[in-house]
file start09.tsv (TSV, C-alpha atoms)
chain	number	residue	atom	x	y	z
L	13	MET	CA	-14.62	19.28	-30.99
L	14	THR	CA	-14.94	16.44	-28.49
L	15	THR	CA	-18.28	14.77	-27.95
L	16	GLU	CA	-19.02	14.50	-24.24
L	17	ILE	CA	-21.51	12.50	-22.24
L	18	GLY	CA	-22.04	13.65	-18.68
L	19	GLY	CA	-18.82	15.69	-18.76
L	20	THR	CA	-16.66	12.72	-19.83
L	21	PRO	CA	-15.38	12.55	-23.41
L	22	LEU	CA	-16.99	9.80	-25.45
L	23	LEU	CA	-13.60	8.31	-26.40
L	24	ALA	CA	-12.68	7.95	-22.70
L	25	ARG	CA	-15.93	6.10	-21.99
L	26	LEU	CA	-15.49	3.84	-25.00
L	27	THR	CA	-11.93	3.04	-23.90
L	28	ARG	CA	-13.12	2.16	-20.40
L	29	GLY	CA	-15.97	0.10	-21.81
L	30	LEU	CA	-13.65	-1.86	-24.08
L	31	GLY	CA	-11.29	-2.43	-21.15
L	32	PHE	CA	-14.12	-3.80	-19.02
L	33	LEU	CA	-15.34	-5.96	-21.91
L	34	ALA	CA	-11.80	-7.30	-22.39
L	35	LEU	CA	-11.66	-8.11	-18.68
L	36	TRP	CA	-15.00	-9.91	-18.98
L	37	LEU	CA	-13.71	-11.95	-21.91
L	38	ILE	CA	-10.52	-12.85	-20.03
L	39	LEU	CA	-12.46	-13.95	-16.95
L	40	MET	CA	-15.42	-15.66	-18.62
L	41	GLY	CA	-13.99	-16.74	-21.97
L	42	PRO	CA	-15.06	-15.72	-25.47
L	43	ALA	CA	-18.34	-17.68	-25.59
L	44	LEU	CA	-20.83	-15.92	-27.88
L	45	THR	CA	-23.74	-17.00	-25.68
L	46	ASP	CA	-22.27	-15.00	-22.78
L	47	LEU	CA	-21.46	-11.91	-24.85
L	48	PRO	CA	-24.79	-10.08	-24.23
L	49	ILE	CA	-24.28	-10.37	-20.46
L	50	GLY	CA	-20.66	-9.26	-20.92
L	51	LEU	CA	-21.79	-6.18	-22.84
L	52	ILE	CA	-24.31	-5.31	-20.12
L	53	ALA	CA	-21.69	-5.85	-17.40
L	54	ALA	CA	-19.13	-3.73	-19.28
L	55	ALA	CA	-21.69	-0.94	-19.77
L	56	ALA	CA	-22.63	-1.01	-16.07
L	57	ALA	CA	-18.98	-1.04	-15.02
L	58	THR	CA	-18.23	1.86	-17.36
L	59	TRP	CA	-21.13	3.93	-16.02
L	60	THR	CA	-20.14	3.16	-12.41
L	61	SER	CA	-16.44	3.83	-12.96
L	62	THR	CA	-17.20	7.15	-14.64
L	63	ALA	CA	-19.29	8.20	-11.65
L	64	LEU	CA	-16.68	7.03	-9.13
L	65	TRP	CA	-13.50	7.92	-11.02
L	66	PRO	CA	-14.07	10.88	-13.33
L	67	GLU	CA	-11.86	11.55	-16.32
L	68	ASN	CA	-9.79	14.12	-14.40
L	69	GLY	CA	-8.62	11.28	-12.11
L	70	LYS	CA	-6.14	9.98	-14.68
L	71	LEU	CA	-3.65	7.27	-13.80
L	72	SER	CA	0.01	7.23	-14.75
L	73	ALA	CA	0.79	3.96	-16.53
L	74	SER	CA	4.45	3.99	-15.49
L	75	GLY	CA	3.52	4.90	-11.92
L	76	LEU	CA	0.96	2.08	-11.84
L	77	VAL	CA	3.55	-0.45	-13.04
L	78	ARG	CA	6.06	0.73	-10.40
L	79	PHE	CA	3.34	0.56	-7.76
L	80	LEU	CA	2.36	-3.00	-8.71
L	81	ILE	CA	6.01	-4.11	-8.76
L	82	ARG	CA	6.24	-2.80	-5.18
L	83	PHE	CA	2.77	-3.79	-3.94
L	84	VAL	CA	2.47	-7.42	-5.08
L	85	PRO	CA	5.69	-8.78	-3.51
L	86	GLN	CA	5.20	-6.62	-0.41
L	87	SER	CA	1.67	-7.98	-0.02
L	88	ALA	CA	2.88	-11.57	-0.41
L	89	VAL	CA	5.64	-11.10	2.19
L	90	ALA	CA	3.20	-9.43	4.60
L	91	GLY	CA	0.69	-12.25	4.08
L	92	VAL	CA	3.31	-14.88	4.86
L	93	ASP	CA	4.31	-12.90	7.97
L	94	VAL	CA	0.71	-12.75	9.19
L	95	ALA	CA	0.25	-16.49	8.53
L	96	ARG	CA	3.51	-17.27	10.35
L	97	ARG	CA	2.33	-15.26	13.35
L	98	ALA	CA	-1.12	-16.84	13.27
L	99	PHE	CA	0.23	-20.39	13.36
L	100	ALA	CA	3.01	-19.75	15.88
L	101	PRO	CA	2.42	-21.34	19.30
L	102	ARG	CA	3.10	-17.94	20.88
L	103	PRO	CA	2.47	-15.27	18.26
L	104	ALA	CA	4.95	-12.41	18.40
L	105	LEU	CA	2.43	-9.61	18.37
L	106	SER	CA	2.39	-6.12	19.72
L	107	PRO	CA	-0.92	-4.86	18.31
L	108	GLY	CA	-2.04	-1.29	18.56
L	109	PHE	CA	-2.79	1.88	16.71
L	110	VAL	CA	-0.46	4.15	14.79
L	111	THR	CA	-1.41	7.63	13.65
L	112	TYR	CA	-0.16	8.96	10.36
L	113	ARG	CA	-0.76	12.38	8.82
L	114	THR	CA	-1.51	11.86	5.16
L	115	SER	CA	-0.61	14.42	2.53
L	116	LEU	CA	-3.64	13.43	0.45
L	117	PRO	CA	-6.62	15.77	0.62
L	118	PRO	CA	-10.05	14.35	1.47
L	119	GLY	CA	-11.66	12.72	-1.53
L	120	MET	CA	-11.14	9.94	-4.03
L	121	ALA	CA	-7.34	9.72	-3.77
L	122	ARG	CA	-7.32	9.48	0.04
L	123	SER	CA	-10.12	6.91	0.05
L	124	ALA	CA	-8.40	4.84	-2.63
L	125	SER	CA	-5.10	5.00	-0.77
L	126	CYS	CA	-6.78	3.75	2.42
L	127	ALA	CA	-8.51	0.98	0.47
L	128	VAL	CA	-5.19	-0.15	-1.02
L	129	MET	CA	-3.56	0.07	2.42
L	130	SER	CA	-6.26	-2.21	3.83
L	131	LEU	CA	-5.18	-4.87	1.32
L	132	GLN	CA	-1.79	-5.08	3.00
L	133	PRO	CA	-1.89	-7.75	5.71
L	134	GLY	CA	-1.09	-6.45	9.18
L	135	LYS	CA	-2.26	-2.84	8.64
L	136	LEU	CA	-5.82	-1.57	8.58
L	137	PRO	CA	-6.91	2.07	8.42
L	138	VAL	CA	-9.86	2.38	10.78
L	139	ALA	CA	-10.50	6.14	10.93
L	140	ALA	CA	-9.54	9.40	9.26
L	141	ASP	CA	-9.76	12.80	10.91
L	142	ALA	CA	-10.65	15.97	9.03
L	143	ASP	CA	-7.06	17.22	9.38
L	144	GLY	CA	-5.70	14.19	7.48
L	145	THR	CA	-4.68	12.08	10.45
L	146	LEU	CA	-5.22	8.39	9.76
L	147	HIS	CA	-5.64	5.90	12.59
L	148	ILE	CA	-4.20	2.56	11.53
L	149	HIS	CA	-4.50	-0.68	13.45
L	150	CYS	CA	-1.39	-2.80	13.09
L	151	LEU	CA	-0.29	-6.17	14.37
L	152	ASP	CA	3.15	-5.13	15.55
L	153	LEU	CA	3.99	-1.69	16.91
L	154	ARG	CA	7.68	-2.64	16.90
L	155	GLU	CA	7.63	-2.42	13.10
L	156	PRO	CA	8.30	0.96	11.43
L	157	VAL	CA	4.63	1.23	10.42
L	158	ALA	CA	4.52	5.01	9.88
L	159	GLU	CA	7.58	4.83	7.60
L	160	GLN	CA	6.04	1.94	5.64
L	161	ILE	CA	2.80	3.88	5.24
L	162	ALA	CA	4.69	6.97	4.04
L	163	ALA	CA	6.50	4.87	1.42
L	164	ASP	CA	3.23	3.20	0.38
L	165	GLU	CA	1.51	6.58	0.07
L	166	ALA	CA	4.35	7.98	-2.04
L	167	ALA	CA	4.17	4.96	-4.35
L	168	PHE	CA	0.38	5.32	-4.57
L	169	CYS	CA	0.65	9.03	-5.40
L	170	ASP	CA	3.00	8.15	-8.28
L	171	THR	CA	0.13	6.23	-9.88
L	172	LEU	CA	-1.91	9.44	-10.15
L	173	GLN	CA	-1.02	11.94	-12.87
L	174	SER	CA	-1.93	14.71	-10.45
L	175	GLY	CA	0.32	13.19	-7.81
L	176	GLY	CA	-2.71	12.90	-5.53
L	177	VAL	CA	-2.95	16.67	-5.16
L	178	HIS	CA	-6.58	16.99	-6.21
L	179	GLY	CA	-8.12	14.36	-3.92

call {"tool": "encode", "arguments": {"input": "start09.tsv", "output": "C-alpha coordinates"}}
result
Amino acid sequence: MTTEIGGTPLLARLTRGLGFLALWLILMGPALTDLPIGLIAAAAATWTSTALWPENGKLSASGLVRFLIRFVPQSAVAGVDVARRAFAPRPALSPGFVTYRTSLPPGMARSASCAVMSLQPGKLPVAADADGTLHIHCLDLREPVAEQIAADEAAFCDTLQSGGVHG
(Lines of atoms letter the chains of each structure in order from A and count residues from 1; the text may use other names and numbers.)
(Lines give C-alpha, C1' and ligand atoms only; values in the text may rest on other atoms or scores of the structure.)
Protein backbone atom coordinates (compact mmCIF):
# COMPACT_ATOMS: atom_id res chain seq x y z
CA MET A 1 0.00 0.00 0.00
CA THR A 2 1.43 3.35 -1.06
CA THR A 3 0.61 6.47 0.91
CA GLU A 4 -0.48 9.25 -1.43
CA ILE A 5 -0.87 12.97 -1.01
CA GLY A 6 -2.89 14.71 -3.69
CA GLY A 7 -2.54 11.72 -6.02
CA THR A 8 1.28 11.67 -5.82
CA PRO A 9 3.00 8.94 -3.79
CA LEU A 10 4.64 10.22 -0.63
CA LEU A 11 8.01 8.70 -1.59
CA ALA A 12 7.99 10.64 -4.89
CA ARG A 13 7.32 13.91 -3.06
CA LEU A 14 10.02 13.20 -0.50
CA THR A 15 12.50 12.42 -3.28
CA ARG A 16 11.66 15.68 -5.06
CA GLY A 17 11.89 17.59 -1.79
CA LEU A 18 15.30 16.14 -0.99
CA GLY A 19 16.46 16.97 -4.51
CA PHE A 20 15.35 20.57 -4.13
CA LEU A 21 16.96 20.78 -0.69
CA ALA A 22 20.21 19.38 -2.13
CA LEU A 23 20.06 22.01 -4.88
CA TRP A 24 19.53 24.69 -2.23
CA LEU A 25 22.55 23.45 -0.28
CA ILE A 26 24.70 23.39 -3.43
CA LEU A 27 23.69 26.94 -4.37
CA MET A 28 23.64 28.54 -0.92
CA GLY A 29 26.10 26.41 1.04
CA PRO A 30 25.48 24.28 4.13
CA ALA A 31 25.08 27.13 6.63
CA LEU A 32 22.77 26.06 9.48
CA THR A 33 21.38 29.58 9.79
CA ASP A 34 20.03 29.34 6.22
CA LEU A 35 18.61 25.84 6.61
CA PRO A 36 15.08 26.92 7.70
CA ILE A 37 14.74 29.07 4.58
CA GLY A 38 16.13 26.19 2.50
CA LEU A 39 13.53 23.83 3.94
CA ILE A 40 10.73 26.30 3.17
CA ALA A 41 12.07 26.84 -0.37
CA ALA A 42 12.39 23.08 -0.95
CA ALA A 43 8.83 22.51 0.31
CA ALA A 44 7.48 25.28 -1.94
CA ALA A 45 9.42 23.95 -4.93
CA THR A 46 8.16 20.43 -4.25
CA TRP A 47 4.55 21.57 -4.02
CA THR A 48 4.89 23.65 -7.20
CA SER A 49 6.69 20.94 -9.15
CA THR A 50 4.06 18.37 -8.18
CA ALA A 51 1.33 20.67 -9.46
CA LEU A 52 3.20 21.47 -12.68
CA TRP A 53 4.83 18.10 -13.35
CA PRO A 54 2.74 15.26 -11.92
CA GLU A 55 4.22 11.88 -11.11
CA ASN A 56 3.02 10.41 -14.41
CA GLY A 57 5.38 12.83 -16.21
CA LYS A 58 8.45 10.72 -15.43
CA LEU A 59 11.81 11.51 -16.97
CA SER A 60 14.23 9.00 -18.43
CA ALA A 61 17.62 9.45 -16.77
CA SER A 62 19.53 8.08 -19.76
CA GLY A 63 17.45 10.18 -22.16
CA LEU A 64 18.09 13.28 -20.04
CA VAL A 65 21.86 12.66 -20.08
CA ARG A 66 21.83 12.19 -23.88
CA PHE A 67 19.74 15.35 -24.23
CA LEU A 68 22.13 17.41 -22.10
CA ILE A 69 25.16 16.07 -23.99
CA ARG A 70 23.46 17.32 -27.17
CA PHE A 71 21.88 20.51 -25.81
CA VAL A 72 24.77 22.14 -23.92
CA PRO A 73 27.36 22.15 -26.74
CA GLN A 74 24.69 23.00 -29.32
CA SER A 75 23.56 25.94 -27.19
CA ALA A 76 27.13 27.18 -26.79
CA VAL A 77 27.81 26.97 -30.54
CA ALA A 78 24.52 28.75 -31.31
CA GLY A 79 25.33 31.46 -28.76
CA VAL A 80 28.73 32.07 -30.32
CA ASP A 81 27.08 32.22 -33.76
CA VAL A 82 24.55 34.80 -32.58
CA ALA A 83 27.31 36.87 -30.93
CA ARG A 84 29.43 36.67 -34.10
CA ARG A 85 26.49 37.91 -36.15
CA ALA A 86 25.68 40.66 -33.66
CA PHE A 87 29.20 42.08 -33.72
CA ALA A 88 29.77 41.72 -37.46
CA PRO A 89 29.87 45.03 -39.36
CA ARG A 90 27.28 43.60 -41.76
CA PRO A 91 25.45 40.78 -40.00
CA ALA A 92 24.67 37.84 -42.25
CA LEU A 93 21.03 37.52 -41.37
CA SER A 94 18.00 36.28 -43.18
CA PRO A 95 15.39 36.47 -40.41
CA GLY A 96 11.92 35.12 -40.76
CA PHE A 97 9.45 32.53 -39.62
CA VAL A 98 9.52 28.78 -40.07
CA THR A 99 6.53 26.55 -39.44
CA TYR A 100 7.01 23.11 -37.97
CA ARG A 101 4.37 20.49 -37.22
CA THR A 102 5.17 19.01 -33.84
CA SER A 103 4.32 15.43 -32.96
CA LEU A 104 3.78 16.40 -29.32
CA PRO A 105 0.17 16.72 -28.20
CA PRO A 106 -0.97 19.91 -26.48
CA GLY A 107 0.03 19.96 -22.84
CA MET A 108 3.06 19.82 -20.59
CA ALA A 109 5.42 18.07 -23.01
CA ARG A 110 4.74 20.47 -25.89
CA SER A 111 5.06 23.51 -23.62
CA ALA A 112 8.30 22.20 -22.12
CA SER A 113 9.70 21.44 -25.56
CA CYS A 114 8.93 25.01 -26.71
CA ALA A 115 10.49 26.40 -23.54
CA VAL A 116 13.68 24.40 -24.13
CA MET A 117 13.69 25.45 -27.79
CA SER A 118 13.52 29.10 -26.73
CA LEU A 119 16.79 28.60 -24.83
CA GLN A 120 18.57 27.89 -28.11
CA PRO A 121 19.95 31.16 -29.51
CA GLY A 122 18.62 32.03 -32.94
CA LYS A 123 15.27 30.21 -32.66
CA LEU A 124 12.19 31.33 -30.77
CA PRO A 125 8.77 29.66 -30.85
CA VAL A 126 6.24 32.48 -30.96
CA ALA A 127 2.93 30.70 -31.56
CA ALA A 128 1.36 27.25 -31.61
CA ASP A 129 -1.77 26.34 -33.52
CA ALA A 130 -4.31 23.81 -32.28
CA ASP A 131 -3.23 21.35 -35.00
CA GLY A 132 0.35 21.28 -33.65
CA THR A 133 1.90 23.76 -36.05
CA LEU A 134 4.58 25.81 -34.34
CA HIS A 135 5.61 29.21 -35.68
CA ILE A 136 9.28 29.78 -34.97
CA HIS A 137 11.16 33.02 -35.51
CA CYS A 138 14.72 32.38 -36.60
CA LEU A 139 17.69 34.55 -37.47
CA ASP A 140 18.65 32.79 -40.67
CA LEU A 141 16.17 31.11 -43.02
CA ARG A 142 19.10 29.68 -45.00
CA GLU A 143 19.77 27.30 -42.10
CA PRO A 144 17.94 23.94 -42.01
CA VAL A 145 15.79 25.15 -39.10
CA ALA A 146 12.94 22.64 -39.49
CA GLU A 147 15.41 19.74 -39.53
CA GLN A 148 17.19 21.11 -36.45
CA ILE A 149 13.86 21.46 -34.64
CA ALA A 150 12.87 17.90 -35.57
CA ALA A 151 16.17 16.59 -34.16
CA ASP A 152 15.76 18.72 -31.02
CA GLU A 153 12.21 17.46 -30.53
CA ALA A 154 13.29 13.83 -30.94
CA ALA A 155 16.05 14.34 -28.36
CA PHE A 156 13.58 16.03 -26.01
CA CYS A 157 11.06 13.19 -26.39
CA ASP A 158 13.80 10.72 -25.39
CA THR A 159 13.94 12.44 -22.00
CA LEU A 160 10.32 11.48 -21.31
CA GLN A 161 9.55 7.89 -20.33
CA SER A 162 6.31 8.18 -22.28
CA GLY A 163 8.22 9.46 -25.31
CA GLY A 164 6.11 12.63 -25.17
CA VAL A 165 2.98 10.75 -26.18
CA HIS A 166 0.82 11.89 -23.27
CA GLY A 167 1.41 15.64 -23.51

call {"tool": "closest_residue", "arguments": {"input": "start09.tsv", "among": "L:Ala100, L:Ile148, L:Ala88, L:Leu76", "to": "L:Leu172", "atoms": "all atoms listed in the file"}}
result
L:Leu76

call {"tool": "atom_distance", "arguments": {"input": "start09.tsv", "atom1": "atom CA of L:Ala163", "atom2": "atom CA of L:Ser106"}}
result
21.7 Å

call {"tool": "residues_around", "arguments": {"input": "start09.tsv", "residues": "L:Trp59", "least_positions_apart": "6", "cutoff": "10 Å", "atoms": "all atoms listed in the file", "output": "number ranges by chain"}}
result
L: 25, 28-29, 53, 65

call {"tool": "atom_distance", "arguments": {"input": "start09.tsv", "atom1": "atom CA of L:Leu136", "atom2": "atom CA of L:His149"}}
result
5.1 Å

call {"tool": "residues_around", "arguments": {"input": "start09.tsv", "residues": "L:Arg82", "least_positions_apart": "4", "cutoff": "12 Å", "atoms": "all atoms listed in the file", "output": "PyMOL selection string"}}
result
chain L and resi 75-78+86-89+132+160+163-168+170-171

call {"tool": "closest_residue", "arguments": {"input": "start09.tsv", "among": "L:Ser125, L:Thr111, L:Ser74, L:Ser130", "to": "L:Thr145", "atoms": "all atoms listed in the file"}}
result
L:Thr111

call {"tool": "atom_distance", "arguments": {"input": "start09.tsv", "atom1": "atom CA of L:Leu151", "atom2": "atom CA of L:Pro137"}}
result
12.1 Å

call {"tool": "closest_residue", "arguments": {"input": "start09.tsv", "among": "L:Gly144, L:Ile81, L:Ser72, L:Asp152", "to": "L:Ser115", "atoms": "all atoms listed in the file"}}
result
L:Gly144

call {"tool": "residues_around", "arguments": {"input": "start09.tsv", "residues": "L:Ala158", "least_positions_apart": "4", "cutoff": "8 Å", "atoms": "all atoms listed in the file", "output": "ChimeraX atom specification"}}
result
/L:110-112,162

call {"tool": "closest_residue", "arguments": {"input": "start09.tsv", "among": "L:Arg97, L:Arg113, L:Pro21, L:Ala55", "to": "L:Pro133", "atoms": "all atoms listed in the file"}}
result
L:Arg97

call {"tool": "closest_residue", "arguments": {"input": "start09.tsv", "among": "L:Cys169, L:Val138, L:Leu30, L:Ala63", "to": "L:Gly50", "atoms": "only C-alpha atoms"}}
result
L:Leu30

call {"tool": "residues_around", "arguments": {"input": "start09.tsv", "residues": "L:Ala142", "least_positions_apart": "5", "cutoff": "12 Å", "atoms": "all atoms listed in the file", "output": "number ranges by chain"}}
result
L: 113-114, 116-119, 122, 147

call {"tool": "build_atoms", "arguments": {"input": "start09.tsv", "residues": "stretch 127-150 of chain L", "atoms": "N, CA and C atoms", "output": "PDB file, in the frame of the given file"}}
result
ATOM      1  N   ALA L 127      -8.021   2.286   0.926  1.00  0.00           N
ATOM      2  CA  ALA L 127      -8.510   0.980   0.470  1.00  0.00           C
ATOM      3  C   ALA L 127      -7.350   0.078   0.071  1.00  0.00           C
ATOM      4  N   VAL L 128      -6.369   0.634  -0.632  1.00  0.00           N
ATOM      5  CA  VAL L 128      -5.190  -0.150  -1.020  1.00  0.00           C
ATOM      6  C   VAL L 128      -4.408  -0.558   0.222  1.00  0.00           C
ATOM      7  N   MET L 129      -4.273   0.370   1.183  1.00  0.00           N
ATOM      8  CA  MET L 129      -3.560   0.070   2.420  1.00  0.00           C
ATOM      9  C   MET L 129      -4.230  -1.087   3.165  1.00  0.00           C
ATOM     10  N   SER L 130      -5.543  -1.147   3.121  1.00  0.00           N
ATOM     11  CA  SER L 130      -6.260  -2.210   3.830  1.00  0.00           C
ATOM     12  C   SER L 130      -6.010  -3.578   3.206  1.00  0.00           C
ATOM     13  N   LEU L 131      -5.505  -3.606   1.972  1.00  0.00           N
ATOM     14  CA  LEU L 131      -5.180  -4.870   1.320  1.00  0.00           C
ATOM     15  C   LEU L 131      -3.857  -5.441   1.811  1.00  0.00           C
ATOM     16  N   GLN L 132      -3.065  -4.617   2.473  1.00  0.00           N
ATOM     17  CA  GLN L 132      -1.790  -5.080   3.000  1.00  0.00           C
ATOM     18  C   GLN L 132      -2.024  -5.778   4.335  1.00  0.00           C
ATOM     19  N   PRO L 133      -1.695  -7.050   4.441  1.00  0.00           N
ATOM     20  CA  PRO L 133      -1.890  -7.750   5.710  1.00  0.00           C
ATOM     21  C   PRO L 133      -1.106  -7.089   6.842  1.00  0.00           C
ATOM     22  N   GLY L 134      -1.750  -6.987   7.997  1.00  0.00           N
ATOM     23  CA  GLY L 134      -1.090  -6.450   9.180  1.00  0.00           C
ATOM     24  C   GLY L 134      -1.345  -4.983   9.437  1.00  0.00           C
ATOM     25  N   LYS L 135      -1.949  -4.270   8.475  1.00  0.00           N
ATOM     26  CA  LYS L 135      -2.260  -2.840   8.640  1.00  0.00           C
ATOM     27  C   LYS L 135      -3.685  -2.598   8.157  1.00  0.00           C
ATOM     28  N   LEU L 136      -4.448  -1.863   8.972  1.00  0.00           N
ATOM     29  CA  LEU L 136      -5.820  -1.570   8.580  1.00  0.00           C
ATOM     30  C   LEU L 136      -6.204  -0.165   9.016  1.00  0.00           C
ATOM     31  N   PRO L 137      -6.424   0.736   8.043  1.00  0.00           N
ATOM     32  CA  PRO L 137      -6.910   2.070   8.420  1.00  0.00           C
ATOM     33  C   PRO L 137      -8.322   1.951   8.977  1.00  0.00           C
ATOM     34  N   VAL L 138      -8.533   2.509  10.157  1.00  0.00           N
ATOM     35  CA  VAL L 138      -9.860   2.380  10.780  1.00  0.00           C
ATOM     36  C   VAL L 138     -10.583   3.711  10.922  1.00  0.00           C
ATOM     37  N   ALA L 139      -9.855   4.823  10.822  1.00  0.00           N
ATOM     38  CA  ALA L 139     -10.500   6.140  10.930  1.00  0.00           C
ATOM     39  C   ALA L 139      -9.614   7.183  10.282  1.00  0.00           C
ATOM     40  N   ALA L 140     -10.256   8.259   9.837  1.00  0.00           N
ATOM     41  CA  ALA L 140      -9.540   9.400   9.260  1.00  0.00           C
ATOM     42  C   ALA L 140     -10.151  10.664   9.829  1.00  0.00           C
ATOM     43  N   ASP L 141      -9.306  11.508  10.381  1.00  0.00           N
ATOM     44  CA  ASP L 141      -9.760  12.800  10.910  1.00  0.00           C
ATOM     45  C   ASP L 141      -9.798  13.830   9.791  1.00  0.00           C
ATOM     46  N   ALA L 142     -10.515  14.905  10.032  1.00  0.00           N
ATOM     47  CA  ALA L 142     -10.650  15.970   9.030  1.00  0.00           C
ATOM     48  C   ALA L 142      -9.304  16.603   8.692  1.00  0.00           C
ATOM     49  N   ASP L 143      -8.359  16.598   9.637  1.00  0.00           N
ATOM     50  CA  ASP L 143      -7.060  17.220   9.380  1.00  0.00           C
ATOM     51  C   ASP L 143      -6.094  16.310   8.623  1.00  0.00           C
ATOM     52  N   GLY L 144      -6.541  15.108   8.242  1.00  0.00           N
ATOM     53  CA  GLY L 144      -5.700  14.190   7.480  1.00  0.00           C
ATOM     54  C   GLY L 144      -5.004  13.148   8.317  1.00  0.00           C
ATOM     55  N   THR L 145      -5.287  13.090   9.600  1.00  0.00           N
ATOM     56  CA  THR L 145      -4.680  12.080  10.450  1.00  0.00           C
ATOM     57  C   THR L 145      -5.417  10.756  10.261  1.00  0.00           C
ATOM     58  N   LEU L 146      -4.660   9.740   9.904  1.00  0.00           N
ATOM     59  CA  LEU L 146      -5.220   8.390   9.760  1.00  0.00           C
ATOM     60  C   LEU L 146      -4.894   7.604  11.009  1.00  0.00           C
ATOM     61  N   HIS L 147      -5.840   6.802  11.450  1.00  0.00           N
ATOM     62  CA  HIS L 147      -5.640   5.900  12.590  1.00  0.00           C
ATOM     63  C   HIS L 147      -5.593   4.497  11.999  1.00  0.00           C
ATOM     64  N   ILE L 148      -4.437   3.848  12.159  1.00  0.00           N
ATOM     65  CA  ILE L 148      -4.200   2.560  11.530  1.00  0.00           C
ATOM     66  C   ILE L 148      -3.953   1.509  12.601  1.00  0.00           C
ATOM     67  N   HIS L 149      -4.737   0.442  12.543  1.00  0.00           N
ATOM     68  CA  HIS L 149      -4.500  -0.680  13.450  1.00  0.00           C
ATOM     69  C   HIS L 149      -3.426  -1.549  12.811  1.00  0.00           C
ATOM     70  N   CYS L 150      -2.455  -1.935  13.609  1.00  0.00           N
ATOM     71  CA  CYS L 150      -1.390  -2.800  13.090  1.00  0.00           C
ATOM     72  C   CYS L 150      -1.126  -3.931  14.069  1.00  0.00           C
TER      73      CYS L 150
END
